[in-house]
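Peer 1: The structure that follows is given in the form of structure tokens.
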There are 2 protein chains.
Amino acid sequence: MSDLEAQKSAARSWFRSLQEQLIASFEVLEDKAESDVYQSMEPGRFEFEEWERGAEQGGGRMALMHGRVFEKAGVHFSEVYGEFSPEFRKQIPGAEEDPNFWACGVSLICHTRNPHAPSAHMNTRMVVTTKQWFGGGGDLNPMLDRYRTEDHEDTVAFHAAMEKACGASPSGDYAAFKKWCEEYFWLPHRNEPRGVGGIFYDHLNTGDWDADFAFTKAVGQGFLSSYPKLVAKRMEQDWTDDDREEQMFRRGRYAEYNLLYDRGTTFGLKTGGNVKSILSSLPPVATWR
Amino acid sequence: MSDLEAQKSAARSWFRSLQEQLIASFEVLEDKAESDVYQSMEPGRFEFEEWERGAEQGGGRMALMHGRVFEKAGVHFSEVYGEFSPEFRKQIPGAEEDPNFWACGVSLICHTRNPHAPSAHMNTRMVVTTKQWFGGGGDLNPMLDRYRTEDHEDTVAFHAAMEKACGASPSGDYAAFKKWCEEYFWLPHRNEPRGVGGIFYDHLNTGDWDADFAFTKAVGQGFLSSYPKLVAKRMEQDWTDDDREEQMFRRGRYAEYNLLYDRGTTFGLKTGGNVKSILSSLPPVATWR
């Protein structure tokens with residue numbers, strides 16, 4: 001096996017395993033929920049759907065849960081390959097000379113039922129064209145304004161986990177990746193951020209594949225060690241109708257971001273990705289009053 | 001007054017008057033509603049908000065109603081002018097030589113509460129750069145699948161009104177504008193239409209301004225003579241929870257279209273339009289289960 005094939009294989013195994021670990025940790029919270037509000041509902045379980053992009057072009061394993069703690073959560077694994085369409089070749093590093101690509105990763109989005117519990121997004125991937133790199137990140141999206149500050153304890157805890165992930169490998173650069181996240185998850189027409197940030201990175205290739213891969217693994221692990229704890233801490237809190245209304249409003253903004261600006265969404269829809277898994281990021285219910 | 005100034009003035013007056021007529025006809029339906037489901041709610045009234053684009057750049061008069069028949073309806077007048085930003089000049093006919101523009105029109109979107117009553121969109125405008133033209137159209141967006149066919153009586157009635165509007169002036173070309181509408185209001189990623197169509201036209205300048213203006217007026221009048229009647233016919237029908245659920249699902253698709261594809265939305269957001277009126281097209285509540 002060539003080095004590249006061995007790397008692809010290692011990345012594939014990790015992303016598959018990360019999908020499993022995330023799913024398991026969310027299902028544990030579904031079982032644990034004990035407030036009255038959850039008693040009329042069964043603990044949620046992920047449902048799986050395998051999809052193929054086309055003959056010899058890869059596909060993925062979509063996992064979607066409509067639970068009681070997680071009103072809607074998607075944790076999707078995909079491994080896709082083939083040729084970029086002509087319109088895309090100029091935009092993707094290394095694709096102009098040769099349109100062949102391979103991309104593998106995990107993408108996650110959680111919309112919690114309790115407005116006190118933050119929503120979150122995480123995505124890590126390895127991409128190969130004539131070049132190769134890692135990309136991804138994780139960011140926290142609290143729904144209530146009083147949680148949406150840099151110094152709220154949940155924000156602090158999540159940022160600390162992302163900073164630790166960056167510290168775990170020479171490939172991580174917390175200050176730069178935090179700033180990138182703030183710039184990326186920004187709604188210009190609303191002049192406001194999508195959430196309270198985290199990290200974002202792309203086209204990461206330091207020349208040391210092992211370090212870059214270790215960093216990408218650390219991002220997944222950091223998310224896993226942090227986000228479920230934040231949900232556990234908030235999921236039993238009482239909420240009011242006003243809280244729920246504010247959550248619905250904030251989810252509307254979230255949908256605006258994903259449909260107007262998110263490159264992953266646009267990229268996925270234009271490269272013949274699986275529409276169902278790409279748009280599973282959209283909130284279960286949202287309002288624009 | 002130059003010919004152009006007289007034309008702008010005539011168009012402005014018409015669009016202002018059309019806004020008033022539409023508002024009046026919707027408020028009549030708010031008063032008329034008599035089913036039990038409406039009894040706990042007050043008849044809706046439009047609320048007005050004047051906005052300015054900036055010093056000497058025009059603005060508009062936004063009218064938004066959260067009613068009982070019309071869960072959310074926006075009927076907006078705007079008259080904006082100034083210079084197109086460099087990125088836009090190449091996309092707009094006649095703007096490359098001289099970036100100055102003037103645009104005036106009415107834009108409408110109705111989201112009805114009763115899932116049996118169709119939602120609808122209508123927009124007509126006059127635009128002046130170094131060239132000048134009219135654009136707009138009207139299209140019907142029934143929420144329930146059993147209404148979303150070419151031969152449903154509501155579709156037939158709405159199409160007939162649009163066909164009649166096209167027949168009222170030599171500038172109207174029903175077959176072409178109907179096809180344009182079908183192509184424009186299409187969700188490629190879902191491989192489905194947004195609604196059941198109507199008409200769409202742009203850059204209309206036949207060389208006979210009076211005829212083009214008469215046609216644009218006829219589109220507004222045709223909409224006014226047809227859509228409120230369809231709502232009146234459906235608004236007292238009983239609906240089930242399943243109907244409401246289907247309506248919420250369909251509204252999600254509507255939001256996808258407007259944020260992913262609608263040129264008016266993109267154009268407005270990028271030219272410093274009034275975000276609140278542009279995005280008032282988004283449904284009051286939508287679901288993505």
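We name chains A, B, ... following the order of the structure tokens; residues begin at 1 in each chain, and ligands are numbered from 1 as shown.
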Go through chain A residue by residue and, counting only C-alpha atoms, keep those with an atom at most 9 Å from chain B; for each kept residue give the shortest atom pair and its distance in Å to one decimal, ordered by chain and increasing number, as JSON lines.

Peer 2:
{"residue": "A:His66", "atom": "CA", "partner": "B:Arg289", "partner_atom": "CA", "distance": 8.0}
{"residue": "A:Lys72", "atom": "CA", "partner": "B:Arg289", "partner_atom": "CA", "distance": 7.5}
{"residue": "A:His189", "atom": "CA", "partner": "B:Leu269", "partner_atom": "CA", "distance": 6.5}
{"residue": "A:Arg190", "atom": "CA", "partner": "B:Val275", "partner_atom": "CA", "distance": 7.8}
{"residue": "A:Met248", "atom": "CA", "partner": "B:Val285", "partner_atom": "CA", "distance": 8.6}
{"residue": "A:Gly252", "atom": "CA", "partner": "B:Val285", "partner_atom": "CA", "distance": 8.9}
{"residue": "A:Ala255", "atom": "CA", "partner": "B:Glu256", "partner_atom": "CA", "distance": 8.7}
{"residue": "A:Glu256", "atom": "CA", "partner": "B:Leu259", "partner_atom": "CA", "distance": 6.8}
{"residue": "A:Leu259", "atom": "CA", "partner": "B:Leu260", "partner_atom": "CA", "distance": 5.5}
{"residue": "A:Leu260", "atom": "CA", "partner": "B:Leu259", "partner_atom": "CA", "distance": 5.5}
{"residue": "A:Tyr261", "atom": "CA", "partner": "B:Leu260", "partner_atom": "CA", "distance": 9.0}
{"residue": "A:Thr266", "atom": "CA", "partner": "B:Leu260", "partner_atom": "CA", "distance": 8.6}
{"residue": "A:Leu269", "atom": "CA", "partner": "B:His189", "partner_atom": "CA", "distance": 6.5}
{"residue": "A:Lys270", "atom": "CA", "partner": "B:His189", "partner_atom": "CA", "distance": 8.4}
{"residue": "A:Gly272", "atom": "CA", "partner": "B:His189", "partner_atom": "CA", "distance": 8.5}
{"residue": "A:Val275", "atom": "CA", "partner": "B:His189", "partner_atom": "CA", "distance": 6.7}
{"residue": "A:Leu279", "atom": "CA", "partner": "B:Trp288", "partner_atom": "CA", "distance": 8.5}
{"residue": "A:Ser280", "atom": "CA", "partner": "B:Trp288", "partner_atom": "CA", "distance": 7.6}
{"residue": "A:Ser281", "atom": "CA", "partner": "B:Trp288", "partner_atom": "CA", "distance": 8.9}
{"residue": "A:Leu282", "atom": "CA", "partner": "B:Trp288", "partner_atom": "CA", "distance": 6.1}
{"residue": "A:Pro283", "atom": "CA", "partner": "B:Trp288", "partner_atom": "CA", "distance": 6.0}
{"residue": "A:Pro284", "atom": "CA", "partner": "B:Trp288", "partner_atom": "CA", "distance": 4.6}
{"residue": "A:Val285", "atom": "CA", "partner": "B:Thr287", "partner_atom": "CA", "distance": 4.3}
{"residue": "A:Ala286", "atom": "CA", "partner": "B:Ala286", "partner_atom": "CA", "distance": 5.5}
{"residue": "A:Thr287", "atom": "CA", "partner": "B:Val285", "partner_atom": "CA", "distance": 4.3}
{"residue": "A:Trp288", "atom": "CA", "partner": "B:Pro284", "partner_atom": "CA", "distance": 4.6}
{"residue": "A:Arg289", "atom": "CA", "partner": "B:Pro284", "partner_atom": "CA", "distance": 4.9}

Peer 1: Write the residues of the selection above to a file with N, CA, C and O atoms, as an mmCIF file, in the first residue's frame.

Peer 2:
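The resulting file, selection_20.cif, is reproduced below:
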data_model
loop_
_atom_site.group_PDB
_atom_site.id
_atom_site.type_symbol
_atom_site.label_atom_id
_atom_site.label_comp_id
_atom_site.auth_asym_id
_atom_site.auth_seq_id
_atom_site.Cartn_x
_atom_site.Cartn_y
_atom_site.Cartn_z
ATOM 1 N N HIS A 66 -34.049 11.924 15.944
ATOM 2 C CA HIS A 66 -35.057 12.843 16.458
ATOM 3 C C HIS A 66 -35.349 12.385 17.872
ATOM 4 O O HIS A 66 -36.168 11.492 18.091
ATOM 5 N N LYS A 72 -33.077 17.265 17.151
ATOM 6 C CA LYS A 72 -32.607 16.788 15.845
ATOM 7 C C LYS A 72 -31.087 16.787 15.867
ATOM 8 O O LYS A 72 -30.476 17.818 16.156
ATOM 9 N N HIS A 189 -25.405 40.225 6.631
ATOM 10 C CA HIS A 189 -26.659 40.994 6.495
ATOM 11 C C HIS A 189 -27.309 41.263 7.848
ATOM 12 O O HIS A 189 -28.145 42.144 7.961
ATOM 13 N N ARG A 190 -26.932 40.497 8.866
ATOM 14 C CA ARG A 190 -27.456 40.735 10.209
ATOM 15 C C ARG A 190 -26.402 41.422 11.085
ATOM 16 O O ARG A 190 -26.686 41.796 12.218
ATOM 17 N N MET A 248 -36.419 29.469 18.768
ATOM 18 C CA MET A 248 -36.971 29.355 17.402
ATOM 19 C C MET A 248 -36.473 30.491 16.514
ATOM 20 O O MET A 248 -36.176 30.304 15.334
ATOM 21 N N GLY A 252 -33.898 30.351 13.213
ATOM 22 C CA GLY A 252 -34.149 30.985 11.914
ATOM 23 C C GLY A 252 -32.861 31.605 11.384
ATOM 24 O O GLY A 252 -32.499 31.445 10.218
ATOM 25 N N ALA A 255 -30.561 28.914 10.131
ATOM 26 C CA ALA A 255 -30.944 28.460 8.784
ATOM 27 C C ALA A 255 -30.505 29.471 7.728
ATOM 28 O O ALA A 255 -30.012 29.104 6.660
ATOM 29 N N GLU A 256 -30.670 30.756 8.032
ATOM 30 C CA GLU A 256 -30.212 31.794 7.091
ATOM 31 C C GLU A 256 -28.732 31.614 6.787
ATOM 32 O O GLU A 256 -28.300 31.649 5.639
ATOM 33 N N LEU A 259 -27.987 28.425 4.582
ATOM 34 C CA LEU A 259 -28.452 28.469 3.195
ATOM 35 C C LEU A 259 -27.841 29.617 2.403
ATOM 36 O O LEU A 259 -27.638 29.514 1.197
ATOM 37 N N LEU A 260 -27.527 30.726 3.071
ATOM 38 C CA LEU A 260 -26.963 31.868 2.352
ATOM 39 C C LEU A 260 -25.445 31.794 2.211
ATOM 40 O O LEU A 260 -24.896 32.190 1.192
ATOM 41 N N TYR A 261 -24.755 31.308 3.251
ATOM 42 C CA TYR A 261 -23.290 31.468 3.269
ATOM 43 C C TYR A 261 -22.460 30.205 3.409
ATOM 44 O O TYR A 261 -21.303 30.199 3.020
ATOM 45 N N THR A 266 -23.183 24.739 0.114
ATOM 46 C CA THR A 266 -23.117 25.047 -1.317
ATOM 47 C C THR A 266 -22.288 24.000 -2.052
ATOM 48 O O THR A 266 -22.696 23.481 -3.091
ATOM 49 N N LEU A 269 -24.150 20.670 -2.267
ATOM 50 C CA LEU A 269 -25.276 20.672 -3.204
ATOM 51 C C LEU A 269 -24.789 20.704 -4.649
ATOM 52 O O LEU A 269 -25.392 20.122 -5.536
ATOM 53 N N LYS A 270 -23.659 21.408 -4.893
ATOM 54 C CA LYS A 270 -23.162 21.538 -6.259
ATOM 55 C C LYS A 270 -22.334 20.352 -6.731
ATOM 56 O O LYS A 270 -22.074 20.213 -7.922
ATOM 57 N N GLY A 272 -23.135 17.245 -6.173
ATOM 58 C CA GLY A 272 -23.972 16.047 -6.173
ATOM 59 C C GLY A 272 -23.872 15.270 -4.880
ATOM 60 O O GLY A 272 -23.947 14.044 -4.868
ATOM 61 N N VAL A 275 -28.270 15.259 -0.658
ATOM 62 C CA VAL A 275 -29.052 16.420 -0.227
ATOM 63 C C VAL A 275 -29.616 16.221 1.179
ATOM 64 O O VAL A 275 -29.592 17.125 2.011
ATOM 65 N N LEU A 279 -28.586 18.881 4.062
ATOM 66 C CA LEU A 279 -29.589 19.795 4.607
ATOM 67 C C LEU A 279 -30.178 19.300 5.932
ATOM 68 O O LEU A 279 -31.057 19.946 6.498
ATOM 69 N N SER A 280 -29.657 18.198 6.428
ATOM 70 C CA SER A 280 -30.093 17.768 7.765
ATOM 71 C C SER A 280 -29.579 18.737 8.821
ATOM 72 O O SER A 280 -29.979 18.688 9.976
ATOM 73 N N SER A 281 -28.691 19.655 8.428
ATOM 74 C CA SER A 281 -28.214 20.698 9.350
ATOM 75 C C SER A 281 -29.318 21.694 9.691
ATOM 76 O O SER A 281 -29.220 22.416 10.681
ATOM 77 N N LEU A 282 -30.351 21.754 8.880
ATOM 78 C CA LEU A 282 -31.398 22.746 9.117
ATOM 79 C C LEU A 282 -32.209 22.392 10.362
ATOM 80 O O LEU A 282 -32.450 21.223 10.637
ATOM 81 N N PRO A 283 -32.604 23.395 11.111
ATOM 82 C CA PRO A 283 -33.270 23.160 12.395
ATOM 83 C C PRO A 283 -34.615 22.460 12.234
ATOM 84 O O PRO A 283 -35.283 22.625 11.211
ATOM 85 N N PRO A 284 -35.024 21.690 13.240
ATOM 86 C CA PRO A 284 -36.302 20.960 13.152
ATOM 87 C C PRO A 284 -37.493 21.915 13.000
ATOM 88 O O PRO A 284 -38.425 21.613 12.263
ATOM 89 N N VAL A 285 -37.451 23.031 13.705
ATOM 90 C CA VAL A 285 -38.481 24.067 13.585
ATOM 91 C C VAL A 285 -37.776 25.410 13.720
ATOM 92 O O VAL A 285 -36.874 25.553 14.548
ATOM 93 N N ALA A 286 -38.198 26.375 12.934
ATOM 94 C CA ALA A 286 -37.607 27.720 13.033
ATOM 95 C C ALA A 286 -38.694 28.737 12.751
ATOM 96 O O ALA A 286 -39.686 28.425 12.093
ATOM 97 N N THR A 287 -38.498 29.937 13.256
ATOM 98 C CA THR A 287 -39.493 30.984 13.004
ATOM 99 C C THR A 287 -38.852 32.239 12.427
ATOM 100 O O THR A 287 -37.683 32.543 12.695
ATOM 101 N N TRP A 288 -39.631 32.904 11.619
ATOM 102 C CA TRP A 288 -39.309 34.261 11.156
ATOM 103 C C TRP A 288 -40.581 35.072 11.344
ATOM 104 O O TRP A 288 -41.431 35.113 10.456
ATOM 105 N N ARG A 289 -40.747 35.661 12.504
ATOM 106 C CA ARG A 289 -42.014 36.349 12.786
ATOM 107 C C ARG A 289 -42.056 37.705 12.109
ATOM 108 O O ARG A 289 -41.037 38.329 11.913
#

Peer 1: Do a neighbour search on B:Asp31 at 9 Å with only C-alpha atoms, toss out local chain neighbours closer than 6 positions, and write the hits as JSON, numbers by chain.

Peer 2: {"B": [42, 43, 44]}

Peer 1: Those selected residues, please, written with all heavy atoms and delivered as a short mmCIF file (atom, residue, chain, number, x, y, z; two decimals), in the first residue's frame.

Peer 2:
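Once written, out24.cif looks like this:
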data_model
loop_
_atom_site.label_atom_id
_atom_site.label_comp_id
_atom_site.auth_asym_id
_atom_site.auth_seq_id
_atom_site.Cartn_x
_atom_site.Cartn_y
_atom_site.Cartn_z
N GLU B 42 -57.69 38.60 16.85
CA GLU B 42 -58.21 39.86 16.29
C GLU B 42 -57.96 39.90 14.78
O GLU B 42 -56.95 39.35 14.31
CB GLU B 42 -57.47 41.05 16.92
CG GLU B 42 -57.75 41.28 18.37
CD GLU B 42 -59.21 41.66 18.61
OE1 GLU B 42 -59.69 42.60 17.93
OE2 GLU B 42 -59.86 41.01 19.46
N PRO B 43 -58.83 40.55 14.02
CA PRO B 43 -58.54 40.77 12.59
C PRO B 43 -57.19 41.49 12.46
O PRO B 43 -56.95 42.47 13.17
CB PRO B 43 -59.69 41.68 12.12
CG PRO B 43 -60.78 41.51 13.12
CD PRO B 43 -60.11 41.18 14.42
N GLY B 44 -56.35 40.99 11.59
CA GLY B 44 -55.02 41.59 11.43
C GLY B 44 -55.06 42.93 10.73
O GLY B 44 -55.97 43.21 9.95
#

Peer 1: Please provide as number ranges by chain all residues within 12 Å of B:Phe70, with the sequence filter that same-chain residues fewer than 3 positions apart are discarded (counting only C-alpha atoms).

Peer 2: B: 23, 25-31, 33, 38, 41-46, 64-67, 73-75, 109-115, 117-120, 228, 231-232, 235, 283-284

Peer 1: For N, CA, C and O atoms, I'd like the residues from the last selection saved as a compact mmCIF listing (two decimals), in the first residue's frame.

Peer 2:
# COMPACT_ATOMS: atom_id res chain seq x y z
N ILE B 23 -53.13 45.89 0.23
CA ILE B 23 -53.33 45.95 1.68
C ILE B 23 -54.82 45.97 2.02
O ILE B 23 -55.28 45.20 2.87
N SER B 25 -57.33 44.93 0.30
CA SER B 25 -58.05 43.70 -0.03
C SER B 25 -57.72 42.58 0.97
O SER B 25 -58.56 41.73 1.26
N PHE B 26 -56.51 42.59 1.51
CA PHE B 26 -56.16 41.56 2.51
C PHE B 26 -56.82 41.86 3.86
O PHE B 26 -57.26 40.96 4.57
N GLU B 27 -56.91 43.14 4.19
CA GLU B 27 -57.53 43.48 5.48
C GLU B 27 -59.03 43.17 5.47
O GLU B 27 -59.60 42.80 6.50
N VAL B 28 -59.66 43.28 4.30
CA VAL B 28 -61.07 42.89 4.18
C VAL B 28 -61.24 41.41 4.55
O VAL B 28 -62.15 41.03 5.29
N LEU B 29 -60.33 40.58 4.08
CA LEU B 29 -60.42 39.15 4.40
C LEU B 29 -60.19 38.90 5.89
O LEU B 29 -60.81 38.02 6.49
N GLU B 30 -59.30 39.66 6.48
CA GLU B 30 -59.08 39.55 7.94
C GLU B 30 -60.39 39.80 8.69
O GLU B 30 -60.69 39.13 9.67
N ASP B 31 -61.14 40.79 8.23
CA ASP B 31 -62.41 41.13 8.89
C ASP B 31 -63.48 40.08 8.65
O ASP B 31 -64.28 39.78 9.53
N ALA B 33 -63.21 36.83 8.13
CA ALA B 33 -62.98 35.47 8.65
C ALA B 33 -63.95 35.14 9.77
O ALA B 33 -64.09 35.92 10.71
N TYR B 38 -60.64 31.22 14.03
CA TYR B 38 -60.21 32.62 13.99
C TYR B 38 -60.75 33.44 15.16
O TYR B 38 -60.34 34.59 15.36
N MET B 41 -58.62 35.25 17.74
CA MET B 41 -57.64 36.23 17.24
C MET B 41 -58.36 37.48 16.72
O MET B 41 -59.46 37.39 16.21
N GLU B 42 -57.69 38.60 16.85
CA GLU B 42 -58.21 39.86 16.29
C GLU B 42 -57.96 39.90 14.78
O GLU B 42 -56.95 39.35 14.31
N PRO B 43 -58.83 40.55 14.02
CA PRO B 43 -58.54 40.77 12.59
C PRO B 43 -57.19 41.49 12.46
O PRO B 43 -56.95 42.47 13.17
N GLY B 44 -56.35 40.99 11.59
CA GLY B 44 -55.02 41.59 11.43
C GLY B 44 -55.06 42.93 10.73
O GLY B 44 -55.97 43.21 9.95
N ARG B 45 -54.07 43.74 11.04
CA ARG B 45 -53.89 45.02 10.35
C ARG B 45 -52.42 45.17 9.98
O ARG B 45 -51.53 44.76 10.75
N PHE B 46 -52.17 45.75 8.82
CA PHE B 46 -50.78 45.96 8.42
C PHE B 46 -50.13 47.02 9.30
O PHE B 46 -50.77 48.00 9.69
N LEU B 64 -46.19 45.16 6.94
CA LEU B 64 -46.16 43.76 7.37
C LEU B 64 -47.37 43.51 8.27
O LEU B 64 -47.72 44.33 9.11
N MET B 65 -48.00 42.35 8.04
CA MET B 65 -49.16 42.01 8.87
C MET B 65 -48.99 40.61 9.44
O MET B 65 -48.61 39.68 8.73
N HIS B 66 -49.25 40.48 10.73
CA HIS B 66 -49.37 39.16 11.35
C HIS B 66 -50.84 39.02 11.70
O HIS B 66 -51.27 39.47 12.77
N GLY B 67 -51.59 38.44 10.80
CA GLY B 67 -53.04 38.40 10.97
C GLY B 67 -53.55 37.02 11.34
O GLY B 67 -52.79 36.16 11.76
N ALA B 73 -47.91 38.43 6.18
CA ALA B 73 -48.00 38.99 4.83
C ALA B 73 -47.19 40.27 4.77
O ALA B 73 -47.27 41.11 5.66
N GLY B 74 -46.38 40.40 3.74
CA GLY B 74 -45.60 41.60 3.53
C GLY B 74 -45.95 42.19 2.17
O GLY B 74 -46.01 41.48 1.17
N VAL B 75 -46.23 43.49 2.13
CA VAL B 75 -46.52 44.18 0.86
C VAL B 75 -45.68 45.45 0.88
O VAL B 75 -46.03 46.44 1.53
N ILE B 109 -45.46 39.08 -0.45
CA ILE B 109 -45.43 37.67 -0.12
C ILE B 109 -46.46 37.41 0.97
O ILE B 109 -46.52 38.13 1.96
N CYS B 110 -47.31 36.40 0.74
CA CYS B 110 -48.34 36.04 1.72
C CYS B 110 -48.18 34.61 2.18
O CYS B 110 -48.14 33.70 1.34
N HIS B 111 -48.10 34.42 3.48
CA HIS B 111 -48.15 33.07 4.07
C HIS B 111 -49.47 32.97 4.83
O HIS B 111 -49.63 33.59 5.88
N THR B 112 -50.40 32.23 4.27
CA THR B 112 -51.71 32.08 4.89
C THR B 112 -51.64 31.09 6.05
O THR B 112 -50.79 30.21 6.09
N ARG B 113 -52.57 31.25 7.00
CA ARG B 113 -52.61 30.33 8.14
C ARG B 113 -53.23 28.99 7.74
O ARG B 113 -52.72 27.94 8.09
N ASN B 114 -54.34 29.06 7.03
CA ASN B 114 -55.04 27.84 6.63
C ASN B 114 -54.22 27.10 5.56
O ASN B 114 -53.94 27.66 4.50
N PRO B 115 -53.86 25.85 5.83
CA PRO B 115 -53.03 25.12 4.86
C PRO B 115 -53.72 24.91 3.51
O PRO B 115 -53.06 24.66 2.51
N ALA B 117 -55.38 27.27 1.98
CA ALA B 117 -55.26 28.53 1.23
C ALA B 117 -53.83 28.67 0.72
O ALA B 117 -52.87 28.52 1.48
N PRO B 118 -53.67 28.97 -0.56
CA PRO B 118 -52.32 29.05 -1.13
C PRO B 118 -51.53 30.25 -0.61
O PRO B 118 -52.10 31.31 -0.34
N SER B 119 -50.25 30.09 -0.48
CA SER B 119 -49.36 31.23 -0.32
C SER B 119 -49.11 31.81 -1.71
O SER B 119 -49.39 31.16 -2.71
N ALA B 120 -48.60 33.03 -1.76
CA ALA B 120 -48.36 33.62 -3.07
C ALA B 120 -47.27 34.68 -3.00
O ALA B 120 -46.97 35.21 -1.92
N PRO B 228 -56.78 37.15 -3.84
CA PRO B 228 -57.65 37.28 -2.66
C PRO B 228 -58.90 36.39 -2.76
O PRO B 228 -59.36 35.85 -1.76
N VAL B 231 -57.98 32.91 -1.66
CA VAL B 231 -57.85 32.84 -0.20
C VAL B 231 -59.25 32.82 0.43
O VAL B 231 -59.54 32.01 1.32
N ALA B 232 -60.14 33.70 -0.07
CA ALA B 232 -61.50 33.77 0.47
C ALA B 232 -62.20 32.41 0.33
O ALA B 232 -62.92 31.97 1.23
N MET B 235 -60.29 29.93 3.01
CA MET B 235 -59.89 30.28 4.38
C MET B 235 -60.79 29.71 5.48
O MET B 235 -60.36 29.60 6.62
N PRO B 283 -41.04 32.35 5.84
CA PRO B 283 -42.28 31.92 6.49
C PRO B 283 -42.27 32.16 8.00
O PRO B 283 -41.21 32.13 8.61
N PRO B 284 -43.45 32.38 8.58
CA PRO B 284 -43.51 32.62 10.02
C PRO B 284 -42.98 31.44 10.85
O PRO B 284 -42.33 31.65 11.87

Peer 1: Would you kindly return, as a list in words, each protein, DNA or RNA residue with an atom no farther than 12 Å from any atom of A:Thr155, considering only C-alpha atoms and excluding same-chain residues fewer than 4 positions away?

Peer 2: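 Residues near the query, excluding close chain neighbours: Ala117, Pro118, Ser119, Ala120, Asp139, Leu140, Asn141, Pro142, Arg146, Tyr147, Arg148, Thr149, Glu150, Asp151, His159, Ala160, Ala161, Met162, Gly195, Val196, Gly197, Gly198, Ser226, Tyr227 and Leu230 of chain A.
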
Peer 1: Residues of stretch 147-197 of chain A in strand (DSSP E) according to DSSP, as a PyMOL selection string?

Peer 2: chain A and resi 186-187+192-193+197

Peer 1: Of the residues A:Met62, A:Val80, A:Cys104, A:Cys166, which is the one nearest to A:Ile278, using only C-alpha atoms?

Peer 2: A:Met62

Peer 1: Which residues come within 8 Å of A:Gly94, counting only C-alpha atoms, excluding same-chain residues fewer than 3 positions away, as a list in words?

Peer 2: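 The contact residues come out as Glu97, Asp98, Thr129, Thr130 and Lys131 of chain A.
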
Peer 1: Please dump the current selection as an mmCIF file, in the first residue's frame; keep C-alpha atoms.

Peer 2:
data_model
loop_
_atom_site.group_PDB
_atom_site.id
_atom_site.type_symbol
_atom_site.label_atom_id
_atom_site.label_comp_id
_atom_site.auth_asym_id
_atom_site.auth_seq_id
_atom_site.Cartn_x
_atom_site.Cartn_y
_atom_site.Cartn_z
ATOM 1 C CA GLU A 97 -4.371 20.245 -13.275
ATOM 2 C CA ASP A 98 -6.342 17.085 -12.490
ATOM 3 C CA THR A 129 -6.514 16.281 -5.083
ATOM 4 C CA THR A 130 -3.056 16.668 -6.616
ATOM 5 C CA LYS A 131 -2.525 18.257 -3.191
#

Peer 1: So which one's closest to B:Trp180, B:Ala103, B:Ala10, B:Leu22, B:Ile199? Using only C-alpha atoms, please.

Peer 2: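 Closest to B:Trp180, using only C-alpha atoms: B:Ile199.
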
Peer 1: Taking the chain letters and numbering used in this document, name the residues of stretch 47-190 of chain A that DSSP puts in helix (DSSP H, G or I), as number ranges by chain.

Peer 2: A: 86-89, 145-147, 153-167, 174-184

Peer 1: Write the residues of the selection above to a file with C-alpha atoms, as a PDB file, in the first residue's frame.

Peer 2:
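Here's the written file selection38.pdb:
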ATOM      1  CA  PRO A  86     -15.366  22.198 -14.416  1.00  0.00           C
ATOM      2  CA  GLU A  87     -16.917  25.086 -12.452  1.00  0.00           C
ATOM      3  CA  PHE A  88     -15.323  23.792  -9.248  1.00  0.00           C
ATOM      4  CA  ARG A  89     -11.828  23.037 -10.455  1.00  0.00           C
ATOM      5  CA  ASP A 145     -28.830  35.751  24.143  1.00  0.00           C
ATOM      6  CA  ARG A 146     -27.775  35.523  27.767  1.00  0.00           C
ATOM      7  CA  TYR A 147     -25.555  32.546  26.839  1.00  0.00           C
ATOM      8  CA  GLU A 153     -19.034  29.668  31.451  1.00  0.00           C
ATOM      9  CA  ASP A 154     -20.265  27.343  28.646  1.00  0.00           C
ATOM     10  CA  THR A 155     -18.405  29.380  26.026  1.00  0.00           C
ATOM     11  CA  VAL A 156     -15.289  29.368  28.192  1.00  0.00           C
ATOM     12  CA  ALA A 157     -15.461  25.580  28.653  1.00  0.00           C
ATOM     13  CA  PHE A 158     -15.945  24.918  24.940  1.00  0.00           C
ATOM     14  CA  HIS A 159     -13.171  27.291  23.905  1.00  0.00           C
ATOM     15  CA  ALA A 160     -10.846  25.671  26.453  1.00  0.00           C
ATOM     16  CA  ALA A 161     -11.462  22.255  24.882  1.00  0.00           C
ATOM     17  CA  MET A 162     -10.704  23.615  21.408  1.00  0.00           C
ATOM     18  CA  GLU A 163      -7.582  25.358  22.683  1.00  0.00           C
ATOM     19  CA  LYS A 164      -6.421  22.118  24.268  1.00  0.00           C
ATOM     20  CA  ALA A 165      -6.981  20.279  20.976  1.00  0.00           C
ATOM     21  CA  CYS A 166      -4.807  22.856  19.230  1.00  0.00           C
ATOM     22  CA  GLY A 167      -2.116  22.424  21.868  1.00  0.00           C
ATOM     23  CA  TYR A 174      -5.520  28.216  18.376  1.00  0.00           C
ATOM     24  CA  ALA A 175      -5.356  31.989  17.940  1.00  0.00           C
ATOM     25  CA  ALA A 176      -5.476  31.765  14.151  1.00  0.00           C
ATOM     26  CA  PHE A 177      -8.143  29.061  14.013  1.00  0.00           C
ATOM     27  CA  LYS A 178     -10.326  30.844  16.564  1.00  0.00           C
ATOM     28  CA  LYS A 179     -10.182  34.034  14.535  1.00  0.00           C
ATOM     29  CA  TRP A 180     -10.929  32.105  11.335  1.00  0.00           C
ATOM     30  CA  CYS A 181     -13.997  30.655  13.013  1.00  0.00           C
ATOM     31  CA  GLU A 182     -15.260  34.079  14.044  1.00  0.00           C
ATOM     32  CA  GLU A 183     -14.844  35.371  10.509  1.00  0.00           C
ATOM     33  CA  TYR A 184     -16.353  32.325   8.866  1.00  0.00           C
TER      34      TYR A 184
END
